[in-house]
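Remarks on the structure that follows.
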Amino acid sequence: METATAELIDGRLIASEVRQEVKASVDAWTAKGNRAPVLKVVLIGDDPASASYVRGKNRACAEAGIESETMTYDADLSEAALLEIIDDLNTDEGVDGILVQLPLPKHINEDRILRAISPAKDVDCFHPENVGNLVAGVPGLQPATPAGIMEMLKRSGIETRGRTAVVIGRSNIVGKPMANLLVQRGIDATVTVCHSRTPDLPGVCRGADILVAAIGRAGFVTADMVKPGAAVIDVGINRVEDASRKRGYRLVGDVDFEAVSEVAGHITPVPGGVGPMTIAMLLKNTLFAATGSWT
Ligand code: NAP
């Protein structure tokens, strides 16, 4: 039997286009005599994964002409001290974007910290004011991962208007904002959000022209859950043991990539799919926070 192979959506390539565009905009901004955009990243504790994400963000900023500085603190930093640090950054006119790397140590209330960041400098778009604007369709900062997915769909020529989209996952970081972006006027998808309490999840997924998986479970989306020709966007990042790798594991998504590739029309790989887009959109948000413009 002949099998179709899905077209790969190359997140690295699209992200590098976005990053070059941001760099061109930053260059144009500074050529007019403005200072370069400045991002401050607050990193608390010594979690190696967080430190590695932050290094990636700093590298990407430097390449785009954005000045970024990581402010590192011990894991026992008090919540009051962190609130003071954020307050200083909020009022510092030399700072355009503030990013507090998550997760935070247990003794710090994450919600209180994210609400303390000035909405205008909230490049992660976690502040309720920015979340509200997103839901209301008011242009402004957008959460990096879902915004990156929208950019991938657009640049891959995937039609959203009048199509059915299913998002698996209802987190505040991915699932909920993703659904809100897909349902906006002009994007015009008809959206269903699924979670762990959804009955007949495979059946719901089979109705999707666009299927976004943001679950955190390796290989959760199997070929029988995918409508032939659908665009499948894999947000998941999961470690699976792999003795053949030096580090003892490899990263896989939430989608059974091999099998789903034979059914889907488009698919994103992991790694090299949504991940690189997230950093590219952080740069775009920092550009917007500094200049008030996306271009
Ligand atoms: P999360 O907060 O843990 O949310 C996971 C969602 O999946 C929840 O809504 C949960 O439902 C749902 N879920 C879990 N098990 C399920 C099941 N058996 N059936 C149906 N739904 C189920 O995770 P997240 O922060 O959204 O992240 C999701 C994945 O994306 C993770 O692998 C994460 O590492 C990755 N991620 C990647 C990027 C990137 O840049 N590529 C960015 C962010 C996150 P309930 O609400 O009912 O529990």
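Chain lettering (A, B, ...) mirrors the order of the structure tokens, residue numbering begins at 1 for each chain separately, and ligand numbering begins at 1 in order of display.
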Next item on the list: Using only C-alpha atoms and all ligand atoms, find each protein or nucleic acid residue lying at most 6 Å from ligand 1; present the set as a ChimeraX atom specification.
Entry: /A:145,168-171,173-175,195-197,214-216,235-238,274-275,278
Keeping C-alpha atoms for every residue in the selection just given, could you write it to a file as a PDB file, in the first residue's frame?
```
ATOM      1  CA  THR A 145       5.189  29.336  22.325  1.00  0.00           C
ATOM      2  CA  ILE A 168      -4.701  18.964  23.619  1.00  0.00           C
ATOM      3  CA  GLY A 169      -3.691  20.587  26.921  1.00  0.00           C
ATOM      4  CA  ARG A 170      -5.141  23.525  28.857  1.00  0.00           C
ATOM      5  CA  SER A 171      -2.089  25.018  30.568  1.00  0.00           C
ATOM      6  CA  ILE A 173       1.501  28.708  29.096  1.00  0.00           C
ATOM      7  CA  VAL A 174       0.480  26.766  25.996  1.00  0.00           C
ATOM      8  CA  GLY A 175      -3.007  25.235  25.685  1.00  0.00           C
ATOM      9  CA  HIS A 195      -7.563  17.760  28.655  1.00  0.00           C
ATOM     10  CA  SER A 196      -7.310  14.736  30.896  1.00  0.00           C
ATOM     11  CA  ARG A 197     -11.086  14.713  31.530  1.00  0.00           C
ATOM     12  CA  ALA A 214       0.783  20.183  24.439  1.00  0.00           C
ATOM     13  CA  ILE A 215       0.529  17.376  26.966  1.00  0.00           C
ATOM     14  CA  GLY A 216       3.969  16.343  28.178  1.00  0.00           C
ATOM     15  CA  VAL A 235       4.736  21.132  21.513  1.00  0.00           C
ATOM     16  CA  GLY A 236       5.841  18.356  23.873  1.00  0.00           C
ATOM     17  CA  ILE A 237       9.389  17.979  25.101  1.00  0.00           C
ATOM     18  CA  ASN A 238       9.885  14.651  26.851  1.00  0.00           C
ATOM     19  CA  VAL A 274       8.143  24.457  18.128  1.00  0.00           C
ATOM     20  CA  GLY A 275      11.160  24.826  20.492  1.00  0.00           C
ATOM     21  CA  THR A 278       9.658  29.967  21.249  1.00  0.00           C
TER      22      THR A 278
END
```
Item checked: Contacts of Ala144 (chain A) within 7 Å, only C-alpha atoms, excl. fewer than 5 positions in-chain, as a VMD selection string -> chain A and resid 124 278 281 to 282
Selection export as a compact mmCIF listing (two decimals), in the first residue's frame, atoms kept: N, CA and C atoms:
```txt
# COMPACT_ATOMS: atom_id res chain seq x y z
N ASP A 124 7.27 37.51 28.53
CA ASP A 124 6.73 36.14 28.54
C ASP A 124 5.20 36.16 28.40
N THR A 278 9.92 29.32 19.96
CA THR A 278 9.66 29.97 21.25
C THR A 278 10.69 31.05 21.52
N MET A 281 10.26 34.08 19.16
CA MET A 281 9.15 34.98 19.51
C MET A 281 9.46 35.80 20.76
N LEU A 282 10.31 35.26 21.64
CA LEU A 282 10.77 36.05 22.78
C LEU A 282 11.53 37.29 22.28
```
Check: Which residues, written as a list in words, have at least one atom at most 7 Å from region 89-104 of chain A, with only C-alpha atoms counted and residues fewer than 3 positions away on the same chain left out?
Finding: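 Once the nearby chain positions are removed, what remains is Pro37, Val38, Leu39, Lys40, Val41, Val42, Leu43, Ile44, Ser50, Ile85, Ile86, Ile108, Glu110, Ile117, Ser118, Lys121, Asp122, Val123, Asp124, Thr286, Ala289 and Ala290 of chain A.
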Residues from last step as file, C-alpha atoms, as an mmCIF file, in the first residue's frame:
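Output below, filename selection_37.cif:
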```cif
data_model
loop_
_atom_site.group_PDB
_atom_site.id
_atom_site.type_symbol
_atom_site.label_atom_id
_atom_site.label_comp_id
_atom_site.auth_asym_id
_atom_site.auth_seq_id
_atom_site.Cartn_x
_atom_site.Cartn_y
_atom_site.Cartn_z
ATOM 1 C CA PRO A 37 16.645 46.872 23.290
ATOM 2 C CA VAL A 38 17.552 45.514 26.732
ATOM 3 C CA LEU A 39 16.254 42.273 28.250
ATOM 4 C CA LYS A 40 16.908 41.303 31.863
ATOM 5 C CA VAL A 41 16.608 37.630 32.722
ATOM 6 C CA VAL A 42 16.236 36.715 36.399
ATOM 7 C CA LEU A 43 17.512 33.224 37.187
ATOM 8 C CA ILE A 44 17.112 31.808 40.675
ATOM 9 C CA SER A 50 16.847 26.512 33.457
ATOM 10 C CA ILE A 85 14.401 43.307 42.267
ATOM 11 C CA ILE A 86 11.403 43.279 39.921
ATOM 12 C CA ILE A 108 8.229 31.819 46.196
ATOM 13 C CA GLU A 110 4.932 32.247 41.213
ATOM 14 C CA ILE A 117 6.226 42.445 36.424
ATOM 15 C CA SER A 118 5.172 45.602 34.595
ATOM 16 C CA LYS A 121 7.936 44.739 30.058
ATOM 17 C CA ASP A 122 6.322 41.306 30.421
ATOM 18 C CA VAL A 123 7.956 39.593 27.424
ATOM 19 C CA ASP A 124 6.728 36.139 28.537
ATOM 20 C CA THR A 286 11.501 42.197 23.338
ATOM 21 C CA ALA A 289 8.518 46.091 24.269
ATOM 22 C CA ALA A 290 11.440 48.351 23.283
#
```
Check: How would you write, as a PyMOL selection string, the set of residues in region 72-251 of chain A that DSSP gives as strand (DSSP E or B)?
Finding: chain A and resi 72-73+97-100+122+164-168+190-194+210-213+221+231-234+238-241+249-251
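With distances restricted to only C-alpha atoms, A:Ser293 is the closest residue to Gly140 (chain A) from A:Ser293, A:Tyr53, A:Glu258, A:Gly203.
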Note to self: Please determine, counting only C-alpha atoms, which residue among A:Val193, A:Met178, A:Met277, A:Met71 has the shortest atom-to-atom distance to Gly45 (chain A).
What the structure shows: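 Closest candidate: A:Met71.
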Item checked: Those in region 58-217 of chain A with alpha helix (DSSP H) from DSSP, as an MDAnalysis selection string -> chainID A and resid 58:64 79:91 110:116 128:136 144:155 175:182 201:206
